[in-house]
$ cat coords05.txt   # compact mmCIF, C-alpha atoms
# COMPACT_ATOMS: atom_id res chain seq x y z
CA MET P 1 17.48 -2.06 -20.33
CA LYS P 2 14.70 -4.44 -19.32
CA LEU P 3 16.51 -5.29 -16.09
CA THR P 4 16.99 -1.60 -15.32
CA LEU P 5 13.28 -0.94 -15.90
CA LEU P 6 12.30 -3.85 -13.68
CA ALA P 7 14.61 -2.64 -10.91
CA THR P 8 13.14 0.85 -11.18
CA LEU P 9 9.57 -0.46 -10.99
CA ALA P 10 10.43 -2.70 -8.05
CA THR P 11 12.04 0.09 -6.04
CA ALA P 12 9.09 2.38 -6.79
CA ALA P 13 6.69 -0.27 -5.49
CA ILE P 14 8.76 -0.80 -2.37
CA GLY P 15 8.94 2.94 -1.71
CA ALA P 16 5.19 3.32 -2.08
CA ASN P 17 4.13 0.55 0.25
CA ALA P 18 6.72 -0.07 2.92
CA HIS P 19 7.31 3.00 5.07
CA PHE P 20 7.94 2.60 8.79
CA THR P 21 8.49 4.39 12.10
CA MET P 22 10.22 3.77 15.39
CA GLN P 23 7.49 2.70 17.81
CA TYR P 24 9.17 1.31 20.92
CA ILE P 25 12.29 1.72 23.01
CA TRP P 26 13.60 -0.83 25.46
CA VAL P 27 15.73 0.05 28.49
CA ASN P 28 18.07 -2.77 29.52
CA GLY P 29 15.68 -5.27 27.98
CA VAL P 30 12.47 -3.75 29.39
CA ASP P 31 9.85 -2.62 26.84
CA GLN P 32 8.69 0.92 27.68
CA GLY P 33 5.44 0.63 25.70
CA GLN P 34 4.29 1.78 22.29
CA ASN P 35 5.38 5.36 21.49
CA ALA P 36 6.49 5.98 25.08
CA ASP P 37 9.25 8.62 25.32
CA ILE P 38 9.24 9.02 21.51
CA ARG P 39 8.49 12.11 19.43
CA VAL P 40 5.92 10.51 17.13
CA PRO P 41 5.64 11.87 13.56
CA PRO P 42 2.22 12.34 11.94
CA ASN P 43 2.78 9.48 9.48
CA ASN P 44 5.37 6.92 8.40
CA ASN P 45 6.72 8.80 5.39
CA PRO P 46 10.48 9.33 5.08
CA VAL P 47 12.34 12.62 5.19
CA THR P 48 13.74 13.23 1.71
CA ASP P 49 15.34 16.68 2.04
CA VAL P 50 18.61 16.48 3.98
CA THR P 51 18.62 20.26 4.43
CA SER P 52 15.23 20.27 6.19
CA LYS P 53 14.84 20.60 9.95
CA ASP P 54 12.65 17.51 9.66
CA LEU P 55 15.89 15.56 9.35
CA THR P 56 16.53 16.21 13.04
CA CYS P 57 13.62 14.30 14.61
CA ASN P 58 11.15 13.94 11.71
CA VAL P 59 8.06 16.04 10.96
CA ASN P 60 6.80 18.01 13.98
CA GLY P 61 9.84 16.74 15.87
CA LEU P 62 11.39 20.01 17.02
CA SER P 63 9.45 19.92 20.29
CA GLY P 64 8.78 17.13 22.75
CA ALA P 65 5.95 18.84 24.56
CA GLY P 66 3.68 16.19 26.00
CA VAL P 67 6.28 13.45 25.51
CA SER P 68 7.61 11.62 28.56
CA THR P 69 11.35 11.42 29.28
CA VAL P 70 12.67 8.11 30.59
CA SER P 71 15.39 8.10 33.25
CA ILE P 72 18.33 5.77 32.55
CA PRO P 73 21.71 5.21 34.23
CA ALA P 74 24.84 5.90 32.22
CA GLY P 75 25.93 2.78 30.37
CA THR P 76 22.35 1.63 29.72
CA ASN P 77 21.55 -0.63 26.76
CA ILE P 78 18.84 1.02 24.65
CA THR P 79 16.96 -0.96 22.01
CA PHE P 80 14.95 0.76 19.27
CA GLU P 81 12.09 -1.09 17.59
CA TRP P 82 10.65 -0.12 14.18
CA HIS P 83 7.52 -1.26 12.33
CA GLN P 84 5.67 -0.56 9.10
CA HIS P 85 2.31 -0.27 10.83
CA ALA P 86 1.05 0.63 14.27
CA GLN P 87 1.28 -2.85 15.69
CA ARG P 88 3.57 -5.87 15.91
CA THR P 89 2.07 -7.82 13.03
CA GLY P 90 4.77 -10.38 12.32
CA GLU P 91 5.48 -8.94 8.87
CA ASP P 92 8.93 -7.62 7.98
CA ALA P 93 9.43 -4.71 10.35
CA ILE P 94 10.91 -2.41 7.72
CA SER P 95 10.40 -4.41 4.50
CA GLY P 96 13.11 -6.63 3.09
CA GLY P 97 13.54 -4.30 0.12
CA HIS P 98 14.75 -1.42 2.28
CA LYS P 99 18.53 -1.86 2.30
CA GLY P 100 20.79 0.56 4.11
CA PRO P 101 22.63 1.69 7.22
CA VAL P 102 21.35 2.00 10.77
CA GLN P 103 22.76 4.81 12.92
CA VAL P 104 22.21 6.35 16.35
CA TYR P 105 23.12 9.86 17.56
CA ILE P 106 22.78 11.56 20.94
CA ALA P 107 22.52 15.26 21.84
CA LYS P 108 22.55 16.88 25.28
CA ALA P 109 19.75 19.31 25.98
CA PRO P 110 20.60 22.70 27.52
CA SER P 111 17.72 22.16 29.96
CA THR P 112 14.93 19.64 29.36
CA ALA P 113 14.80 17.13 26.54
CA ALA P 114 11.18 18.06 25.89
CA SER P 115 12.08 21.69 25.12
CA PHE P 116 15.18 20.87 23.03
CA ASP P 117 14.92 21.29 19.25
CA GLY P 118 18.23 19.58 18.45
CA GLN P 119 19.46 22.34 16.15
CA GLY P 120 23.12 23.23 15.63
CA ALA P 121 26.29 21.20 16.14
CA VAL P 122 24.98 19.12 19.05
CA TRP P 123 24.83 15.53 17.72
CA THR P 124 27.33 12.79 18.51
CA LYS P 125 27.25 9.52 16.59
CA ILE P 126 27.37 6.54 18.95
CA TYR P 127 26.40 3.72 16.58
CA SER P 128 26.64 2.95 12.87
CA SER P 129 26.24 -0.25 10.87
CA GLY P 130 26.06 -0.39 7.08
CA LEU P 131 27.06 -2.86 4.37
CA LEU P 132 27.98 -5.99 6.31
CA ASN P 133 28.79 -8.40 3.48
CA PRO P 134 29.50 -7.14 -0.07
CA GLN P 135 29.32 -10.67 -1.48
CA THR P 136 25.79 -11.36 -0.22
CA GLN P 137 24.78 -7.68 -0.05
CA GLU P 138 23.72 -8.06 3.55
CA TRP P 139 22.97 -4.70 5.18
CA ALA P 140 22.33 -3.55 8.73
CA THR P 141 18.64 -3.33 7.84
CA ASP P 142 18.60 -7.08 7.17
CA VAL P 143 19.77 -7.66 10.74
CA VAL P 144 17.06 -5.31 12.06
CA ASN P 145 14.42 -7.26 10.14
CA ALA P 146 15.77 -10.58 11.40
CA ASP P 147 15.43 -9.25 14.96
CA ASN P 148 11.81 -8.13 14.50
CA GLY P 149 12.64 -4.48 13.94
CA LYS P 150 15.17 -4.07 16.74
CA HIS P 151 18.68 -2.66 17.03
CA SER P 152 20.56 -1.71 20.18
CA VAL P 153 23.22 0.68 21.44
CA VAL P 154 24.98 1.10 24.77
CA ILE P 155 24.90 4.69 25.99
CA PRO P 156 28.52 5.69 26.70
CA SER P 157 29.05 5.79 30.45
CA SER P 158 31.37 8.79 30.14
CA LEU P 159 28.58 11.13 29.02
CA PRO P 160 27.64 13.74 31.63
CA ALA P 161 24.38 13.43 33.54
CA GLY P 162 21.47 15.38 32.10
CA GLU P 163 18.61 15.20 29.61
CA TYR P 164 19.25 14.12 26.03
CA LEU P 165 17.67 13.36 22.69
CA LEU P 166 18.46 9.98 21.17
CA ARG P 167 18.14 10.02 17.39
CA ALA P 168 17.77 6.70 15.56
CA GLU P 169 18.12 6.70 11.77
CA ILE P 170 17.65 4.20 8.97
CA ILE P 171 18.62 5.35 5.49
CA ALA P 172 16.71 3.39 2.84
CA LEU P 173 19.05 3.19 -0.15
CA HIS P 174 16.71 1.34 -2.51
CA VAL P 175 15.76 4.73 -4.00
CA ALA P 176 19.16 6.44 -3.60
CA GLN P 177 20.40 6.19 -7.18
CA SER P 178 19.49 9.87 -7.48
CA TYR P 179 18.69 12.54 -4.93
CA PRO P 180 16.41 12.81 -3.02
CA GLY P 181 16.30 9.45 -1.30
CA ALA P 182 14.64 8.34 1.92
CA GLN P 183 15.74 8.92 5.51
CA PHE P 184 13.66 7.42 8.31
CA VAL P 185 14.39 9.14 11.64
CA SER P 186 12.89 9.26 15.12
CA CYS P 187 13.94 10.77 18.45
CA ALA P 188 13.47 9.55 22.00
CA GLN P 189 13.85 11.58 25.19
CA VAL P 190 16.06 10.28 27.99
CA LYS P 191 17.51 11.55 31.25
CA ILE P 192 20.96 10.12 32.03
CA THR P 193 21.94 9.70 35.67
CA GLY P 194 25.48 9.12 36.83
CA GLY P 195 27.89 9.42 33.95
CA GLY P 196 31.15 11.26 33.53
CA SER P 197 32.53 14.44 32.03
CA ALA P 198 33.21 13.61 28.38
CA ASN P 199 32.91 16.30 25.71
CA PRO P 200 32.49 14.27 22.50
CA PRO P 201 32.73 15.54 18.90
CA LYS P 202 29.49 16.91 17.48
CA ILE P 203 27.86 17.59 14.12
CA ALA P 204 24.74 19.46 13.00
CA ILE P 205 21.68 17.60 11.67
CA PRO P 206 20.67 19.15 9.35
CA GLY P 207 23.95 20.69 8.29
CA ASP P 208 26.48 17.90 8.03
CA TYR P 209 24.57 15.71 5.57
CA LYS P 210 24.89 16.76 1.92
CA SER P 211 22.88 15.61 -1.08
CA GLY P 212 26.06 14.52 -2.88
CA ASP P 213 27.48 12.48 0.00
CA PRO P 214 28.29 8.92 -1.13
CA GLY P 215 26.28 7.65 1.81
CA ILE P 216 23.19 9.61 0.68
CA THR P 217 23.22 9.24 -3.11
CA VAL P 218 24.48 5.80 -4.17
CA ASN P 219 23.49 2.96 -6.48
CA ILE P 220 23.40 -0.18 -4.34
CA TYR P 221 22.38 -2.31 -7.34
CA ASN P 222 25.72 -1.90 -9.15
CA ASN P 223 27.87 -4.53 -7.39
CA LEU P 224 28.60 -2.22 -4.46
CA LYS P 225 31.78 -3.25 -2.64
CA SER P 226 31.92 -0.69 0.17
CA TYR P 227 29.77 1.97 1.76
CA THR P 228 30.53 5.05 3.85
CA ALA P 229 27.63 6.28 5.95
CA PRO P 230 27.09 10.04 6.38
CA GLY P 231 27.85 11.78 9.64
CA GLY P 232 31.47 10.84 10.18
CA PRO P 233 32.93 8.23 12.54
CA VAL P 234 31.35 6.72 15.63
CA TRP P 235 32.47 8.13 18.97
CA SER P 236 33.19 5.22 21.25
CA GLY P 237 33.13 7.15 24.52
$ encode --input "coords05.txt" --output "structure tokens"
Amino acid sequence: MKLTLLATLATAAIGANAHFTMQYIWVNGVDQGQNADIRVPPNNNPVTDVTSKDLTCNVNGLSGAGVSTVSIPAGTNITFEWHQHAQRTGEDAISGGHKGPVQVYIAKAPSTAASFDGQGAVWTKIYSSGLLNPQTQEWATDVVNADNGKHSVVIPSSLPAGEYLLRAEIIALHVAQSYPGAQFVSCAQVKITGGGSANPPKIAIPGDYKSGDPGITVNIYNNLKSYTAPGGPVWSG
């Protein structure tokens, strides 16, 4: 009972003090600058309602008006960089207590990325990393922290040319014993040149995530042996 109470108090303290946002993207190793090409939310609070449109690109994220769109060739390596505060301070980028999966989705805009709201079955998962070592309870978030808030994905070269939203997501499972938990999401705007003609599988966000999904509501403090992230399998391209 005492251990349970201590765990509850610890997770509450973590949740209150260690929120974070995506603040930088890198294109083939080149830093694009703070908040460049990113739909920046008004604060660093998580999205807790998986049925909310805020789950798409965070609060006020349905429009990219005033946000630049970076041009990238198909097959580009994109790195996302997250931080608790609005600078690179040297502290844990997302707090060591935030354990969970790291995922990346992409959605093709009908016209411009800036005018695209990302609604409907338009999202393709291109990256997912979760529980890496059940014995040590190492998570993808631990790797992000070790790399100063960064994680990377290669944009599939078979995607058609055009403008897209890239959606990066970190699900913080330290408060996921009961619903609602904490989803940290951000979207960047890119224009892919070159590419192919692939038509990958797509899901809706919101829509596909459910409150009862084992990747959304789960007790990671109960000797967890495996984890299945929401959103289905990764499309390799």
$ atom_distance --input "coords05.txt" --atom1 "atom CA of Tyr127 of chain P" --atom2 "atom CA of Gly29 of chain P"
18.0 Å
$ closest_atom_pairs --input "coords05.txt" --of "segment 71-100 of chain P" --to "segment 142-161 of chain P" --cutoff "7 Å" --atoms "all atoms listed in the file" --output "tab-separated table"
residue	atom	partner	partner_atom	distance
P:Ala74	CA	P:Ser157	CA	4.6
P:Gly75	CA	P:Ser157	CA	4.3
P:Thr76	CA	P:Ile155	CA	5.5
P:Asn77	CA	P:Val154	CA	4.3
P:Ile78	CA	P:Val153	CA	5.4
P:Thr79	CA	P:Ser152	CA	4.1
P:Phe80	CA	P:Lys150	CA	5.5
P:Glu81	CA	P:Lys150	CA	4.4
P:Trp82	CA	P:Gly149	CA	4.8
P:His83	CA	P:Gly149	CA	6.3
P:Asp92	CA	P:Asn145	CA	5.9
P:Ala93	CA	P:Gly149	CA	4.8
P:Ile94	CA	P:Asn145	CA	6.5
P:Gly96	CA	P:Asp142	CA	6.9
$ atom_distance --input "coords05.txt" --atom1 "atom CA of Thr69 of chain P" --atom2 "atom CA of Gly90 of chain P"
28.4 Å
$ residues_around --input "coords05.txt" --residues "Thr112 of chain P" --least-positions-apart "6" --cutoff "9 Å" --atoms "all atoms listed in the file" --output "PyMOL selection string"
chain P and resi 69+162-164+191
$ write_last_selection --input "coords05.txt" --atoms "C-alpha atoms" --output "PDB file, in the frame of the given file"
ATOM      1  CA  THR P  69      11.350  11.420  29.280  1.00  0.00           C
ATOM      2  CA  GLY P 162      21.470  15.380  32.100  1.00  0.00           C
ATOM      3  CA  GLU P 163      18.610  15.200  29.610  1.00  0.00           C
ATOM      4  CA  TYR P 164      19.250  14.120  26.030  1.00  0.00           C
ATOM      5  CA  LYS P 191      17.510  11.550  31.250  1.00  0.00           C
TER       6      LYS P 191
END
$ atom_distance --input "coords05.txt" --atom1 "atom CA of Asp54 of chain P" --atom2 "atom CA of Tyr227 of chain P"
24.4 Å
$ residues_around --input "coords05.txt" --residues "Ala182 of chain P" --least-positions-apart "4" --cutoff "6 Å" --atoms "all atoms listed in the file" --output "PyMOL selection string"
chain P and resi 46-48+172
$ closest_residue --input "coords05.txt" --among "P:Arg167, P:Lys99, P:Arg88, P:His174" --to "Asn58 of chain P" --atoms "all atoms listed in the file"
P:Arg167
$ build_atoms --input "coords05.txt" --residues "segment 134-145 of chain P" --atoms "all heavy atoms" --output "mmCIF file, in the coordinates of the input"
data_model
loop_
_atom_site.group_PDB
_atom_site.id
_atom_site.type_symbol
_atom_site.label_atom_id
_atom_site.label_comp_id
_atom_site.auth_asym_id
_atom_site.auth_seq_id
_atom_site.Cartn_x
_atom_site.Cartn_y
_atom_site.Cartn_z
ATOM 1 N N PRO P 134 29.643 -7.529 1.333
ATOM 2 C CA PRO P 134 29.500 -7.140 -0.070
ATOM 3 C C PRO P 134 29.157 -8.312 -0.988
ATOM 4 O O PRO P 134 28.487 -8.119 -2.011
ATOM 5 C CB PRO P 134 30.878 -6.568 -0.425
ATOM 6 C CG PRO P 134 31.465 -6.156 0.889
ATOM 7 C CD PRO P 134 30.956 -7.156 1.879
ATOM 8 N N GLN P 135 29.587 -9.519 -0.630
ATOM 9 C CA GLN P 135 29.320 -10.670 -1.480
ATOM 10 C C GLN P 135 27.827 -11.027 -1.483
ATOM 11 O O GLN P 135 27.239 -11.294 -2.536
ATOM 12 C CB GLN P 135 30.132 -11.896 -1.012
ATOM 13 C CG GLN P 135 31.602 -11.866 -1.416
ATOM 14 C CD GLN P 135 32.384 -10.776 -0.690
ATOM 15 O OE1 GLN P 135 32.250 -10.618 0.522
ATOM 16 N NE2 GLN P 135 33.200 -10.028 -1.424
ATOM 17 N N THR P 136 27.216 -11.019 -0.312
ATOM 18 C CA THR P 136 25.790 -11.360 -0.220
ATOM 19 C C THR P 136 24.896 -10.133 -0.200
ATOM 20 O O THR P 136 23.666 -10.268 -0.215
ATOM 21 C CB THR P 136 25.529 -12.177 1.055
ATOM 22 O OG1 THR P 136 25.829 -11.372 2.212
ATOM 23 C CG2 THR P 136 26.395 -13.438 1.071
ATOM 24 N N GLN P 137 25.513 -8.940 -0.152
ATOM 25 C CA GLN P 137 24.780 -7.680 -0.050
ATOM 26 C C GLN P 137 23.878 -7.656 1.195
ATOM 27 O O GLN P 137 22.733 -7.183 1.165
ATOM 28 C CB GLN P 137 23.965 -7.412 -1.310
ATOM 29 C CG GLN P 137 24.816 -7.053 -2.524
ATOM 30 C CD GLN P 137 25.555 -5.716 -2.353
ATOM 31 O OE1 GLN P 137 24.925 -4.666 -2.296
ATOM 32 N NE2 GLN P 137 26.886 -5.765 -2.284
ATOM 33 N N GLU P 138 24.421 -8.158 2.286
ATOM 34 C CA GLU P 138 23.720 -8.060 3.550
ATOM 35 C C GLU P 138 23.977 -6.691 4.176
ATOM 36 O O GLU P 138 25.118 -6.259 4.278
ATOM 37 C CB GLU P 138 24.186 -9.142 4.531
ATOM 38 C CG GLU P 138 23.463 -9.073 5.879
ATOM 39 C CD GLU P 138 24.008 -10.033 6.908
ATOM 40 O OE1 GLU P 138 25.191 -10.426 6.786
ATOM 41 O OE2 GLU P 138 23.271 -10.381 7.836
ATOM 42 N N TRP P 139 22.899 -6.030 4.590
ATOM 43 C CA TRP P 139 22.970 -4.700 5.180
ATOM 44 C C TRP P 139 22.501 -4.744 6.640
ATOM 45 O O TRP P 139 21.873 -5.710 7.085
ATOM 46 C CB TRP P 139 22.077 -3.730 4.404
ATOM 47 C CG TRP P 139 22.627 -3.343 3.073
ATOM 48 C CD1 TRP P 139 22.507 -4.026 1.895
ATOM 49 C CD2 TRP P 139 23.394 -2.168 2.775
ATOM 50 N NE1 TRP P 139 23.155 -3.362 0.885
ATOM 51 C CE2 TRP P 139 23.706 -2.214 1.394
ATOM 52 C CE3 TRP P 139 23.845 -1.092 3.533
ATOM 53 C CZ2 TRP P 139 24.439 -1.213 0.757
ATOM 54 C CZ3 TRP P 139 24.577 -0.086 2.909
ATOM 55 C CH2 TRP P 139 24.867 -0.152 1.538
ATOM 56 N N ALA P 140 22.781 -3.665 7.338
ATOM 57 C CA ALA P 140 22.330 -3.550 8.730
ATOM 58 C C ALA P 140 20.818 -3.686 8.831
ATOM 59 O O ALA P 140 20.299 -4.225 9.812
ATOM 60 C CB ALA P 140 22.780 -2.217 9.315
ATOM 61 N N THR P 141 20.099 -3.219 7.826
ATOM 62 C CA THR P 141 18.640 -3.330 7.840
ATOM 63 C C THR P 141 18.179 -4.782 7.811
ATOM 64 O O THR P 141 17.120 -5.110 8.357
ATOM 65 C CB THR P 141 18.042 -2.580 6.648
ATOM 66 O OG1 THR P 141 18.767 -2.937 5.455
ATOM 67 C CG2 THR P 141 18.090 -1.083 6.852
ATOM 68 N N ASP P 142 18.952 -5.663 7.179
ATOM 69 C CA ASP P 142 18.600 -7.080 7.170
ATOM 70 C C ASP P 142 18.660 -7.665 8.583
ATOM 71 O O ASP P 142 17.834 -8.492 8.968
ATOM 72 C CB ASP P 142 19.549 -7.861 6.248
ATOM 73 C CG ASP P 142 19.426 -7.439 4.795
ATOM 74 O OD1 ASP P 142 18.279 -7.336 4.315
ATOM 75 O OD2 ASP P 142 20.459 -7.195 4.154
ATOM 76 N N VAL P 143 19.648 -7.208 9.365
ATOM 77 C CA VAL P 143 19.770 -7.660 10.740
ATOM 78 C C VAL P 143 18.604 -7.139 11.577
ATOM 79 O O VAL P 143 18.044 -7.858 12.418
ATOM 80 C CB VAL P 143 21.117 -7.207 11.346
ATOM 81 C CG1 VAL P 143 21.223 -7.586 12.810
ATOM 82 C CG2 VAL P 143 22.279 -7.801 10.557
ATOM 83 N N VAL P 144 18.209 -5.891 11.344
ATOM 84 C CA VAL P 144 17.060 -5.310 12.060
ATOM 85 C C VAL P 144 15.801 -6.125 11.756
ATOM 86 O O VAL P 144 15.028 -6.465 12.662
ATOM 87 C CB VAL P 144 16.868 -3.833 11.673
ATOM 88 C CG1 VAL P 144 15.561 -3.290 12.232
ATOM 89 C CG2 VAL P 144 18.037 -3.003 12.172
ATOM 90 N N ASN P 145 15.587 -6.467 10.493
ATOM 91 C CA ASN P 145 14.420 -7.260 10.140
ATOM 92 C C ASN P 145 14.454 -8.639 10.786
ATOM 93 O O ASN P 145 13.432 -9.138 11.272
ATOM 94 C CB ASN P 145 14.325 -7.415 8.616
ATOM 95 C CG ASN P 145 13.355 -6.428 7.996
ATOM 96 O OD1 ASN P 145 12.404 -5.994 8.634
ATOM 97 N ND2 ASN P 145 13.593 -6.072 6.750
#
